[in-house]
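Novice: As input, take data09.txt (compact mmCIF, C-alpha atoms and all ligand atoms):
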```txt
# COMPACT_ATOMS: atom_id res chain seq x y z
CA MET A 1 16.68 25.03 -77.12
CA ASP A 2 20.12 23.56 -76.51
CA VAL A 3 21.31 21.25 -73.79
CA ILE A 4 24.57 22.43 -72.32
CA VAL A 5 26.79 19.45 -71.60
CA ALA A 6 29.40 19.87 -68.89
CA GLY A 7 31.96 17.06 -68.74
CA ASP A 8 33.89 18.29 -65.72
CA ARG A 9 33.60 20.79 -62.89
CA SER A 10 35.28 23.54 -64.89
CA GLU A 11 32.75 23.17 -67.70
CA LEU A 12 30.02 23.01 -65.07
CA ARG A 13 30.96 26.43 -63.74
CA ALA A 14 30.85 27.86 -67.26
CA ALA A 15 27.51 26.16 -67.92
CA LEU A 16 25.92 27.47 -64.73
CA ALA A 17 27.02 30.97 -65.67
CA ALA A 18 25.65 30.51 -69.21
CA LEU A 19 22.34 29.43 -67.70
CA GLY A 20 22.22 32.69 -65.81
CA VAL A 21 21.82 31.02 -62.44
CA ALA A 22 25.27 32.06 -61.18
CA GLY A 23 24.79 34.47 -58.30
CA VAL A 24 21.19 33.45 -57.60
CA ARG A 25 22.34 33.18 -54.01
CA GLY A 26 25.10 35.06 -52.27
CA PRO A 27 28.62 33.79 -51.61
CA ARG A 28 28.98 30.73 -49.39
CA ALA A 29 31.68 29.91 -46.92
CA GLY A 30 34.08 27.26 -48.20
CA GLY A 31 34.31 28.25 -51.86
CA ASP A 32 32.75 26.15 -54.60
CA GLY A 33 33.73 22.65 -53.55
CA GLY A 34 36.56 22.56 -56.08
CA THR A 35 39.75 20.62 -55.51
CA ALA A 36 42.74 22.39 -54.02
CA ASP A 37 44.41 22.93 -57.39
CA GLU A 38 41.40 24.95 -58.55
CA GLY A 39 41.73 27.62 -55.90
CA GLY A 40 38.12 27.32 -54.83
CA SER A 41 37.14 30.97 -55.27
CA GLY A 42 35.04 31.08 -58.43
CA GLY A 43 31.68 29.61 -59.28
CA ARG A 44 28.04 30.26 -58.55
CA GLY A 45 28.58 31.34 -55.01
CA VAL A 46 30.09 34.65 -56.13
CA ALA A 47 27.53 37.03 -57.57
CA GLY A 48 28.27 38.04 -61.14
CA THR A 49 31.23 35.70 -61.58
CA GLY A 50 31.44 34.23 -65.07
CA PRO A 51 33.47 31.26 -66.27
CA ARG A 52 37.08 31.71 -65.25
CA SER A 53 39.64 32.03 -68.02
CA GLY A 54 40.98 28.69 -69.14
CA SER A 55 37.77 26.91 -68.18
CA GLY A 56 36.65 24.08 -70.43
CA THR A 57 34.49 24.49 -73.46
CA VAL A 58 30.77 23.86 -73.35
CA ARG A 59 29.26 21.53 -75.91
CA LYS A 60 25.73 22.14 -77.02
CA VAL A 61 23.28 19.59 -78.33
CA GLY A 62 20.06 20.54 -80.10
CA PRO A 63 16.81 18.71 -79.33
CA PRO A 64 15.45 16.32 -81.98
CA GLY A 65 12.09 18.08 -82.24
CA GLY A 66 12.77 21.75 -81.53
CA THR A 67 12.28 23.65 -78.28
CA PRO A 68 9.89 21.99 -75.82
CA GLU A 69 7.08 24.24 -74.69
CA GLY A 70 7.86 26.17 -71.54
CA ALA A 71 11.59 25.47 -71.62
CA ALA A 72 13.72 28.45 -70.72
CA GLY A 73 16.81 29.18 -72.79
CA PRO A 74 20.35 29.43 -71.47
CA GLY A 75 21.24 32.87 -70.21
CA GLY A 76 17.60 33.37 -69.38
CA GLY A 77 18.47 35.80 -66.63
CA GLY A 78 18.51 33.96 -63.31
CA GLY A 79 15.87 31.89 -61.61
CA THR A 80 15.88 28.76 -59.54
CA LEU A 81 17.58 25.50 -60.45
CA ALA A 82 16.39 21.91 -59.93
CA LEU A 83 18.81 18.98 -60.17
CA VAL A 84 17.83 15.41 -61.09
CA PRO A 85 20.77 13.16 -60.15
CA THR A 86 20.96 9.94 -62.19
CA MET A 87 23.35 7.19 -63.22
CA GLY A 88 22.18 7.48 -66.84
CA ALA A 89 20.47 4.81 -68.97
CA LEU A 90 17.50 7.13 -68.77
CA HIS A 91 13.95 5.76 -68.98
CA GLU A 92 10.39 6.98 -68.39
CA GLY A 93 10.98 7.03 -64.62
CA HIS A 94 13.78 9.55 -65.08
CA ARG A 95 11.64 11.52 -67.53
CA SER A 96 8.90 11.80 -64.92
CA LEU A 97 11.44 13.20 -62.43
CA ILE A 98 12.64 15.74 -65.00
CA ARG A 99 9.04 16.91 -65.56
CA LEU A 100 8.49 17.10 -61.80
CA ALA A 101 11.70 19.10 -61.47
CA ARG A 102 10.39 21.64 -63.98
CA GLU A 103 7.30 22.18 -61.80
CA HIS A 104 9.58 23.19 -58.93
CA ALA A 105 12.20 25.43 -60.57
CA ASP A 106 12.92 27.71 -63.54
CA HIS A 107 15.83 25.61 -64.84
CA VAL A 108 16.43 21.86 -64.83
CA ALA A 109 19.82 20.13 -64.69
CA VAL A 110 20.44 16.36 -64.88
CA SER A 111 23.62 14.70 -63.67
CA VAL A 112 24.75 11.46 -65.30
CA PHE A 113 27.40 9.73 -63.24
CA VAL A 114 27.85 6.03 -62.49
CA ASN A 115 29.24 6.47 -59.00
CA PRO A 116 31.92 3.86 -58.22
CA LEU A 117 31.64 4.55 -54.48
CA GLN A 118 28.16 3.05 -54.17
CA PHE A 119 28.96 -0.30 -55.81
CA GLY A 120 30.30 -3.24 -53.80
CA PRO A 121 33.26 -5.29 -55.10
CA ASN A 122 30.96 -8.02 -56.50
CA GLU A 123 28.32 -5.69 -57.90
CA ASP A 124 27.69 -4.54 -61.46
CA PHE A 125 29.72 -1.30 -61.70
CA SER A 126 31.65 -2.34 -64.81
CA ARG A 127 28.62 -3.70 -66.66
CA TYR A 128 26.16 -0.98 -65.54
CA PRO A 129 24.48 0.31 -68.73
CA ARG A 130 26.13 3.43 -70.15
CA THR A 131 24.05 5.00 -72.92
CA PHE A 132 25.21 8.61 -72.89
CA ASP A 133 24.20 9.61 -76.43
CA ALA A 134 20.67 8.29 -75.91
CA ASP A 135 20.56 10.00 -72.51
CA LEU A 136 21.38 13.33 -74.16
CA GLU A 137 18.53 12.80 -76.64
CA VAL A 138 16.14 12.17 -73.73
CA CYS A 139 17.36 15.28 -71.92
CA ALA A 140 17.05 17.39 -75.07
CA ALA A 141 13.53 16.11 -75.74
CA GLU A 142 12.54 16.91 -72.14
CA GLY A 143 13.93 20.46 -72.33
CA VAL A 144 16.72 19.85 -69.80
CA GLU A 145 19.07 22.82 -69.97
CA LEU A 146 22.21 21.35 -68.41
CA VAL A 147 23.65 17.85 -68.28
CA PHE A 148 26.57 17.36 -65.89
CA ALA A 149 28.44 14.17 -66.77
CA PRO A 150 31.80 14.11 -65.00
CA ALA A 151 34.37 11.32 -65.28
CA PRO A 152 35.16 9.41 -62.04
CA GLY A 153 38.60 11.04 -61.99
CA ASP A 154 36.99 14.47 -61.96
CA MET A 155 34.79 13.62 -58.98
CA TYR A 156 37.27 11.77 -56.76
CA LEU A 157 40.92 12.33 -56.01
CA PRO A 158 42.90 9.05 -55.95
CA ASP A 159 43.73 9.59 -52.27
CA ARG A 160 40.23 10.71 -51.27
CA GLN A 161 39.84 10.52 -47.48
CA VAL A 162 36.57 12.06 -46.34
CA GLY A 163 33.02 10.96 -47.09
CA VAL A 164 29.51 11.01 -45.67
CA SER A 165 28.36 8.28 -43.29
CA ALA A 166 24.75 7.19 -43.66
CA GLY A 167 24.84 6.13 -40.01
CA GLN A 168 22.94 3.19 -38.59
CA MET A 169 20.07 3.85 -40.99
CA GLY A 170 22.44 3.07 -43.84
CA THR A 171 23.14 -0.40 -42.48
CA ILE A 172 19.58 -1.79 -42.31
CA VAL A 173 17.16 -3.22 -44.92
CA GLU A 174 18.83 -2.45 -48.30
CA GLY A 175 21.98 -1.34 -46.48
CA ALA A 176 22.34 -4.76 -44.85
CA PHE A 177 22.70 -6.33 -48.30
CA ARG A 178 24.88 -3.57 -49.79
CA PRO A 179 27.45 -2.61 -47.12
CA GLY A 180 28.77 0.89 -47.72
CA HIS A 181 26.27 1.56 -50.52
CA PHE A 182 24.44 4.42 -48.81
CA ASP A 183 27.70 6.04 -47.64
CA GLY A 184 28.69 6.12 -51.32
CA VAL A 185 25.30 7.47 -52.39
CA LEU A 186 25.25 10.25 -49.80
CA THR A 187 28.86 11.21 -50.51
CA VAL A 188 28.22 11.68 -54.22
CA VAL A 189 24.88 13.40 -53.66
CA LEU A 190 26.48 15.89 -51.27
CA LYS A 191 29.26 16.52 -53.79
CA LEU A 192 26.69 17.05 -56.56
CA PHE A 193 24.78 19.49 -54.34
CA ASN A 194 28.01 21.39 -53.61
CA LEU A 195 29.05 21.50 -57.27
CA VAL A 196 25.69 22.29 -58.88
CA ARG A 197 24.12 24.18 -55.95
CA PRO A 198 20.53 23.42 -56.85
CA ASP A 199 17.59 24.98 -55.04
CA VAL A 200 15.62 21.75 -55.48
CA ALA A 201 16.75 18.14 -55.97
CA VAL A 202 14.41 15.44 -57.27
CA PHE A 203 14.70 11.71 -56.48
CA GLY A 204 12.48 8.70 -57.14
CA GLN A 205 10.41 6.90 -54.54
CA LYS A 206 11.53 3.67 -56.23
CA ASP A 207 14.76 3.98 -54.24
CA ALA A 208 12.79 4.68 -51.06
CA GLN A 209 15.55 4.19 -48.50
CA GLN A 210 17.89 6.32 -50.59
CA LEU A 211 15.26 9.09 -50.66
CA ALA A 212 14.70 8.83 -46.89
CA LEU A 213 18.46 8.98 -46.25
CA ILE A 214 18.93 11.98 -48.53
CA ARG A 215 16.14 13.79 -46.65
CA ARG A 216 17.87 12.81 -43.42
CA MET A 217 21.24 14.12 -44.68
CA VAL A 218 19.64 17.43 -45.65
CA THR A 219 18.14 17.73 -42.15
CA ASP A 220 21.15 16.50 -40.19
CA LEU A 221 23.69 18.58 -42.15
CA ASP A 222 21.45 21.67 -42.69
CA LEU A 223 21.85 21.57 -46.45
CA PRO A 224 20.17 24.48 -48.27
CA VAL A 225 18.24 22.38 -50.78
CA THR A 226 14.61 21.24 -51.00
CA VAL A 227 14.23 17.50 -51.68
CA VAL A 228 11.27 16.42 -53.80
CA GLY A 229 10.26 12.76 -54.24
CA GLY A 230 8.60 11.45 -57.40
CA PRO A 231 6.29 8.40 -57.64
CA THR A 232 7.50 5.12 -59.14
CA VAL A 233 6.76 4.73 -62.85
CA ARG A 234 5.81 1.16 -63.85
CA GLU A 235 5.35 -0.89 -66.99
CA PRO A 236 1.68 -1.67 -67.71
CA ASP A 237 2.16 -5.13 -66.13
CA GLY A 238 3.48 -3.60 -62.90
CA LEU A 239 7.26 -4.01 -63.25
CA ALA A 240 8.95 -0.88 -61.86
CA LEU A 241 11.08 0.78 -64.50
CA SER A 242 14.77 0.39 -63.73
CA SER A 243 17.94 0.76 -65.74
CA ARG A 244 18.75 -2.78 -64.67
CA ASN A 245 15.62 -4.20 -66.35
CA ARG A 246 17.63 -4.34 -69.55
CA TYR A 247 19.68 -7.18 -68.06
CA LEU A 248 16.54 -9.38 -67.84
CA SER A 249 15.95 -12.19 -70.34
CA PRO A 250 12.28 -12.73 -71.33
CA ALA A 251 12.06 -15.60 -68.80
CA ASP A 252 13.76 -13.50 -66.08
CA ARG A 253 11.27 -10.75 -66.72
CA VAL A 254 8.29 -13.07 -66.12
CA THR A 255 9.75 -14.12 -62.75
CA ALA A 256 10.59 -10.50 -61.92
CA LEU A 257 6.90 -9.57 -62.10
CA ALA A 258 6.55 -11.28 -58.71
CA LEU A 259 8.13 -8.26 -56.98
CA SER A 260 5.35 -5.83 -57.92
CA ALA A 261 2.71 -8.58 -57.67
CA ALA A 262 3.80 -9.29 -54.08
CA LEU A 263 3.55 -5.60 -53.20
CA ARG A 264 0.07 -5.44 -54.73
CA GLU A 265 -1.07 -8.49 -52.74
CA GLY A 266 0.38 -7.04 -49.54
CA ALA A 267 -1.36 -3.72 -50.17
CA ARG A 268 -4.74 -5.46 -50.06
CA HIS A 269 -4.35 -5.87 -46.28
CA ASP A 270 -4.06 -3.41 -43.44
CA ARG A 271 -2.35 -5.28 -40.59
CA PRO A 272 1.46 -5.74 -40.77
CA LYS A 273 1.29 -9.51 -40.22
CA ASP A 274 -1.32 -9.99 -42.96
CA ILE A 275 0.51 -7.65 -45.36
CA LEU A 276 3.76 -9.58 -45.01
CA HIS A 277 2.04 -12.96 -45.16
CA ALA A 278 0.21 -12.12 -48.41
CA ALA A 279 3.31 -10.68 -50.06
CA HIS A 280 5.48 -13.62 -48.97
CA ALA A 281 3.02 -16.06 -50.55
CA VAL A 282 3.64 -14.51 -53.99
CA LEU A 283 7.40 -14.46 -53.49
CA ASP A 284 7.45 -18.07 -52.28
CA GLU A 285 5.67 -19.17 -55.45
CA ALA A 286 8.15 -17.23 -57.59
CA ALA A 287 11.01 -18.94 -55.74
CA LEU A 288 9.86 -22.17 -57.48
CA ALA A 289 9.76 -20.61 -60.97
CA ASP A 290 12.36 -21.10 -63.71
CA PRO A 291 14.46 -19.01 -63.28
CA PRO A 292 13.70 -18.73 -59.57
CA LEU A 293 13.31 -15.51 -57.62
CA VAL A 294 15.90 -15.40 -54.84
CA LEU A 295 14.64 -13.11 -52.09
CA ASP A 296 17.00 -10.76 -50.27
CA TYR A 297 14.32 -9.16 -48.07
CA LEU A 298 10.69 -8.25 -47.75
CA SER A 299 10.24 -5.59 -45.05
CA LEU A 300 7.44 -3.37 -43.81
CA VAL A 301 9.09 -0.25 -42.44
CA ASP A 302 8.54 3.24 -41.12
CA PRO A 303 9.06 5.59 -44.12
CA ALA A 304 11.32 8.03 -42.26
CA THR A 305 13.56 5.63 -40.33
CA PHE A 306 13.30 2.32 -42.21
CA THR A 307 12.93 0.50 -38.89
CA ALA A 308 10.39 -2.37 -38.90
CA ALA A 309 6.76 -1.31 -38.56
CA ALA A 310 5.32 -2.84 -35.38
CA GLU A 311 2.00 -4.73 -35.40
CA ASP A 312 0.27 -1.62 -33.98
CA HIS A 313 1.93 0.74 -36.51
CA ARG A 314 -0.36 3.55 -37.65
CA GLY A 315 0.08 5.98 -40.54
CA GLU A 316 2.28 5.44 -43.59
CA ALA A 317 4.47 2.40 -43.96
CA ILE A 318 6.65 1.20 -46.82
CA LEU A 319 6.51 -2.37 -48.02
CA ALA A 320 9.94 -2.89 -49.61
CA VAL A 321 11.32 -5.87 -51.49
CA ALA A 322 14.65 -6.83 -53.04
CA ALA A 323 15.38 -10.01 -54.95
CA LYS A 324 17.68 -11.52 -57.54
CA VAL A 325 16.41 -13.00 -60.76
CA GLY A 326 19.24 -14.70 -62.63
CA ALA A 327 22.18 -12.29 -62.41
CA THR A 328 19.98 -9.23 -61.89
CA ARG A 329 19.13 -7.71 -58.53
CA LEU A 330 15.94 -5.65 -58.43
CA ILE A 331 14.23 -3.55 -55.75
CA ASP A 332 10.69 -2.22 -55.48
CA ASN A 333 8.38 -0.78 -52.83
CA VAL A 334 4.93 0.61 -52.24
CA VAL A 335 3.71 3.19 -49.72
CA LEU A 336 0.78 1.98 -47.62
CA ASP A 337 -1.55 3.94 -45.38
CA LEU A 338 -2.19 1.98 -42.19
CA SER A 339 -4.10 4.75 -40.43
CA SER A 340 -7.47 2.99 -40.29
N1 LIG A 401 10.64 3.61 -62.12
C1 LIG A 401 11.04 4.78 -61.60
N2 LIG A 401 10.13 5.75 -61.35
C2 LIG A 401 10.53 6.94 -60.82
N3 LIG A 401 11.82 7.24 -60.52
C3 LIG A 401 12.74 6.29 -60.74
C4 LIG A 401 12.41 5.02 -61.30
N4 LIG A 401 13.55 4.30 -61.41
C5 LIG A 401 14.54 5.06 -60.95
N5 LIG A 401 14.07 6.26 -60.54
C6 LIG A 401 14.84 7.33 -59.92
O1 LIG A 401 15.75 7.88 -60.84
C7 LIG A 401 16.88 8.41 -60.14
C8 LIG A 401 18.12 7.87 -60.78
O2 LIG A 401 18.16 6.47 -60.58
P1 LIG A 401 19.08 5.52 -61.42
O3 LIG A 401 19.78 6.28 -62.46
O4 LIG A 401 19.84 4.64 -60.50
O5 LIG A 401 18.01 4.64 -62.19
P2 LIG A 401 17.43 3.26 -61.85
O6 LIG A 401 16.49 2.90 -62.92
O7 LIG A 401 17.01 3.26 -60.41
O8 LIG A 401 18.63 2.32 -62.01
P3 LIG A 401 18.96 1.06 -61.18
O9 LIG A 401 18.89 -0.03 -62.17
O10 LIG A 401 20.31 1.44 -60.68
O11 LIG A 401 17.97 0.88 -60.09
C9 LIG A 401 16.73 7.96 -58.69
O12 LIG A 401 16.22 9.05 -57.93
C10 LIG A 401 15.73 6.84 -58.79
O13 LIG A 401 14.97 6.66 -57.61
C1 LIG A 402 21.21 9.24 -56.46
C2 LIG A 402 22.24 8.60 -57.37
C3 LIG A 402 22.29 9.32 -58.70
C4 LIG A 402 23.61 8.77 -56.69
O1 LIG A 402 24.62 8.16 -57.46
C5 LIG A 402 21.96 7.09 -57.55
O2 LIG A 402 22.02 6.40 -56.36
C6 LIG A 402 20.68 6.83 -58.29
O3 LIG A 402 20.73 6.93 -59.52
O4 LIG A 402 19.64 6.53 -57.66
N1 LIG A 403 19.17 3.62 -58.13
C1 LIG A 403 20.08 3.10 -57.13
C2 LIG A 403 21.45 3.08 -57.60
C3 LIG A 403 22.15 1.79 -57.30
O1 LIG A 403 21.51 0.73 -57.31
O2 LIG A 403 23.36 1.80 -57.08
```
Would it be possible to restate this file's structure as structure tokens?
Specialist:
Amino acid sequence: MDVIVAGDRSELRAALAALGVAGVRGPRAGGDGGTADEGGSGGRGVAGTGPRSGSGTVRKVGPPGGTPEGAAGPGGGGGTLALVPTMGALHEGHRSLIRLAREHADHVAVSVFVNPLQFGPNEDFSRYPRTFDADLEVCAAEGVELVFAPAPGDMYLPDRQVGVSAGQMGTIVEGAFRPGHFDGVLTVVLKLFNLVRPDVAVFGQKDAQQLALIRRMVTDLDLPVTVVGGPTVREPDGLALSSRNRYLSPADRVTALALSAALREGARHDRPKDILHAAHAVLDEAALADPPLVLDYLSLVDPATFTAAAEDHRGEAILAVAAKVGATRLIDNVVLDLSS
């Protein structure tokens, strides 16, 4: 089976039609989310509409080892579509989301886009790993049918004005350390939903506040998409897989193990004060290591709101941590059940 690669929104429309998912749902108010110069009348929202004339070509890439079992071919005659949004540099965590996506829909699309809007001025946008050829191999091996990989100029007009606000929930915990980050995430995720029009979208629990905010956006803005969360995939020693792990030197990586170790220690307790105390002890020790761990936050929060879990909190809570090791900033979290 081939992966259809769409490098801009015009190619995306052609690819969605080739997949046979165009017209799965009826027309929607507001056109297809295209820019003004595109007219905004074509696309999946119009039943039976194929690629418009003059639309871009669609590149196809064959999988290294033949067609994966159960993968549907392009033009397979309709069905539901799941989208896995990513920033590329794909690893086993992304692969697990792709497999989860397949359980929820007939067709799977992956977007690869390093979104400038969600990076602060002193963050790693320019050095963020970009491994597109390897990403395509991963997608082909996993039976992904469509990869949408737009250029920044295709996603954002230079004089872009309007975006999504993540509200107060976007300013706490992770948001307090990355001002504007969640506004940028939600803006690009909404645009991806409007462009690809998936029935299902799959995100990792590793970015727990992002997942909670995307669920919140879907609720608050009545978006017609089902959000599915996938569990965090870890290395055997506990380190959560992350595209940023490739920045770590061997010594950095040893120190970085303290994030998951702290979460494990915290998870051995069931009262908020004890959980935080146990986790802090691990992080404090790592702060003395060479290189040291520099803690941004350790927080025990309500999974839906990301507000601090009170001492009498019952039910699920998320223990979330973010820290820098050398020049690399990492996040991790674990879901705890405090019902007993
Ligand atoms: N270890 C993991 N297990 C499961 N899902 C993951 C894991 N790491 C990332 N994801 C999910 O993959 C999706 C794409 O994330 P992204 O491309 O930013 O990868 P990443 O590894 O989180 O990179 P980063 O270094 O930016 O944290 C997100 O929904 C994210 O939560
Ligand atoms: C959801 C996402 C693809 C939006 O750019 C990104 O934040 C990520 O990779 O987690
Ligand atoms: N996975 C989260 C993307 C970011 O750190 O910008």
Novice: Around ligand LIG 402 (chain A), fit a box with edges along x, y and z, padding it by 6 Å on each side, then list its centre and edge lengths in Å to one decimal as lines of an AutoDock Vina configuration file.
Specialist:
```
center_x = 22.1
center_y = 7.9
center_z = -57.9
size_x = 17.0
size_y = 14.9
size_z = 15.2
```
Novice: Tell me, counting only C-alpha atoms and all ligand atoms, for each residue of chain A within 9 Å of ligand LIG 403 (chain A), which pair of atoms is nearest and how far apart they are in Å to one decimal, in rows ordered by chain and increasing number, as JSON lines.
Specialist:
```
{"residue": "A:Thr86", "atom": "CA", "partner": "A:LIG403", "partner_atom": "N1", "distance": 7.7}
{"residue": "A:Met87", "atom": "CA", "partner": "A:LIG403", "partner_atom": "C2", "distance": 7.2}
{"residue": "A:Val114", "atom": "CA", "partner": "A:LIG403", "partner_atom": "O2", "distance": 8.2}
{"residue": "A:Asn115", "atom": "CA", "partner": "A:LIG403", "partner_atom": "O2", "distance": 7.8}
{"residue": "A:Pro116", "atom": "CA", "partner": "A:LIG403", "partner_atom": "O2", "distance": 8.9}
{"residue": "A:Gln118", "atom": "CA", "partner": "A:LIG403", "partner_atom": "O2", "distance": 5.8}
{"residue": "A:Phe119", "atom": "CA", "partner": "A:LIG403", "partner_atom": "O2", "distance": 6.1}
{"residue": "A:Asp124", "atom": "CA", "partner": "A:LIG403", "partner_atom": "O2", "distance": 8.8}
{"residue": "A:Phe125", "atom": "CA", "partner": "A:LIG403", "partner_atom": "O2", "distance": 8.5}
{"residue": "A:His181", "atom": "CA", "partner": "A:LIG403", "partner_atom": "O2", "distance": 7.2}
{"residue": "A:Phe182", "atom": "CA", "partner": "A:LIG403", "partner_atom": "O2", "distance": 8.7}
{"residue": "A:Gly184", "atom": "CA", "partner": "A:LIG403", "partner_atom": "O2", "distance": 9.0}
{"residue": "A:Val185", "atom": "CA", "partner": "A:LIG403", "partner_atom": "O2", "distance": 7.6}
{"residue": "A:Gly204", "atom": "CA", "partner": "A:LIG403", "partner_atom": "N1", "distance": 8.5}
{"residue": "A:Lys206", "atom": "CA", "partner": "A:LIG403", "partner_atom": "N1", "distance": 7.9}
{"residue": "A:Asp207", "atom": "CA", "partner": "A:LIG403", "partner_atom": "N1", "distance": 5.9}
{"residue": "A:Gln210", "atom": "CA", "partner": "A:LIG403", "partner_atom": "C1", "distance": 7.6}
{"residue": "A:Ser242", "atom": "CA", "partner": "A:LIG403", "partner_atom": "N1", "distance": 7.8}
{"residue": "A:Ser243", "atom": "CA", "partner": "A:LIG403", "partner_atom": "N1", "distance": 8.2}
{"residue": "A:Arg244", "atom": "CA", "partner": "A:LIG403", "partner_atom": "O1", "distance": 8.6}
{"residue": "A:Arg329", "atom": "CA", "partner": "A:LIG403", "partner_atom": "O1", "distance": 8.9}
{"residue": "A:Leu330", "atom": "CA", "partner": "A:LIG403", "partner_atom": "O1", "distance": 8.5}
{"residue": "A:Ile331", "atom": "CA", "partner": "A:LIG403", "partner_atom": "O1", "distance": 8.6}
```
Novice: Mind checking which residues fall within 10 Å of range 99-103 of chain A, counting only C-alpha atoms, ignoring those fewer than 3 positions away in the same chain, and posting them as number ranges by chain?
Specialist: A: 70-71, 81-84, 94-96, 106-110, 142-144, 200-203, 228-231
Novice: For Asp199 in chain A, please output as a ChimeraX atom specification all residues within 10 Å (counting all atoms listed in the file; exclusion window: fewer than 5 positions along the same chain).
Specialist: /A:24-25,79-83,104-105,107,193,224-227
Novice: Compare A:Ala286, A:Leu211, A:Ala261, A:Ala89 by their minimum atom-to-atom distance to Ala304 in chain A, counting only C-alpha atoms, and give me the closest one.
Specialist: A:Leu211
Novice: Can you measure CA of Val5 in chain A to CA of Ser111 in chain A for me? One decimal in Å is fine.
Specialist: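 CA of Ser111 in chain A lies 9.8 Å from CA of Val5 in chain A.
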Novice: CA of Leu186 in chain A and atom O2 of ligand LIG 402 (chain A), how far apart in Å?
Specialist: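 It comes out at 8.3 Å.
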Novice: Can you put N, CA and C atoms back into range 96-108 of chain A and show it as a PDB file, keeping the file's coordinate frame?
Specialist:
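The result, written out as out-v7.pdb:
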```
ATOM      1  N   SER A  96       9.936  11.277 -65.830  1.00  0.00           N
ATOM      2  CA  SER A  96       8.900  11.800 -64.920  1.00  0.00           C
ATOM      3  C   SER A  96       9.541  12.710 -63.867  1.00  0.00           C
ATOM      4  N   LEU A  97      10.748  12.360 -63.427  1.00  0.00           N
ATOM      5  CA  LEU A  97      11.440  13.200 -62.430  1.00  0.00           C
ATOM      6  C   LEU A  97      11.843  14.537 -63.048  1.00  0.00           C
ATOM      7  N   ILE A  98      12.250  14.506 -64.316  1.00  0.00           N
ATOM      8  CA  ILE A  98      12.640  15.740 -65.000  1.00  0.00           C
ATOM      9  C   ILE A  98      11.417  16.673 -65.108  1.00  0.00           C
ATOM     10  N   ARG A  99      10.262  16.080 -65.445  1.00  0.00           N
ATOM     11  CA  ARG A  99       9.040  16.910 -65.560  1.00  0.00           C
ATOM     12  C   ARG A  99       8.646  17.464 -64.196  1.00  0.00           C
ATOM     13  N   LEU A 100       8.799  16.637 -63.164  1.00  0.00           N
ATOM     14  CA  LEU A 100       8.490  17.100 -61.800  1.00  0.00           C
ATOM     15  C   LEU A 100       9.444  18.231 -61.412  1.00  0.00           C
ATOM     16  N   ALA A 101      10.706  18.078 -61.789  1.00  0.00           N
ATOM     17  CA  ALA A 101      11.700  19.100 -61.470  1.00  0.00           C
ATOM     18  C   ALA A 101      11.289  20.446 -62.074  1.00  0.00           C
ATOM     19  N   ARG A 102      10.772  20.389 -63.310  1.00  0.00           N
ATOM     20  CA  ARG A 102      10.390  21.640 -63.980  1.00  0.00           C
ATOM     21  C   ARG A 102       9.255  22.337 -63.239  1.00  0.00           C
ATOM     22  N   GLU A 103       8.395  21.561 -62.569  1.00  0.00           N
ATOM     23  CA  GLU A 103       7.300  22.180 -61.800  1.00  0.00           C
ATOM     24  C   GLU A 103       7.825  22.931 -60.584  1.00  0.00           C
ATOM     25  N   HIS A 104       9.063  22.627 -60.185  1.00  0.00           N
ATOM     26  CA  HIS A 104       9.580  23.190 -58.930  1.00  0.00           C
ATOM     27  C   HIS A 104      10.666  24.243 -59.140  1.00  0.00           C
ATOM     28  N   ALA A 105      11.104  24.473 -60.374  1.00  0.00           N
ATOM     29  CA  ALA A 105      12.200  25.430 -60.570  1.00  0.00           C
ATOM     30  C   ALA A 105      12.154  25.988 -61.990  1.00  0.00           C
ATOM     31  N   ASP A 106      12.887  27.068 -62.212  1.00  0.00           N
ATOM     32  CA  ASP A 106      12.920  27.710 -63.540  1.00  0.00           C
ATOM     33  C   ASP A 106      13.807  26.940 -64.510  1.00  0.00           C
ATOM     34  N   HIS A 107      14.871  26.332 -64.001  1.00  0.00           N
ATOM     35  CA  HIS A 107      15.830  25.610 -64.840  1.00  0.00           C
ATOM     36  C   HIS A 107      16.003  24.191 -64.311  1.00  0.00           C
ATOM     37  N   VAL A 108      16.253  23.267 -65.243  1.00  0.00           N
ATOM     38  CA  VAL A 108      16.430  21.860 -64.830  1.00  0.00           C
ATOM     39  C   VAL A 108      17.802  21.363 -65.306  1.00  0.00           C
TER      40      VAL A 108
END
```
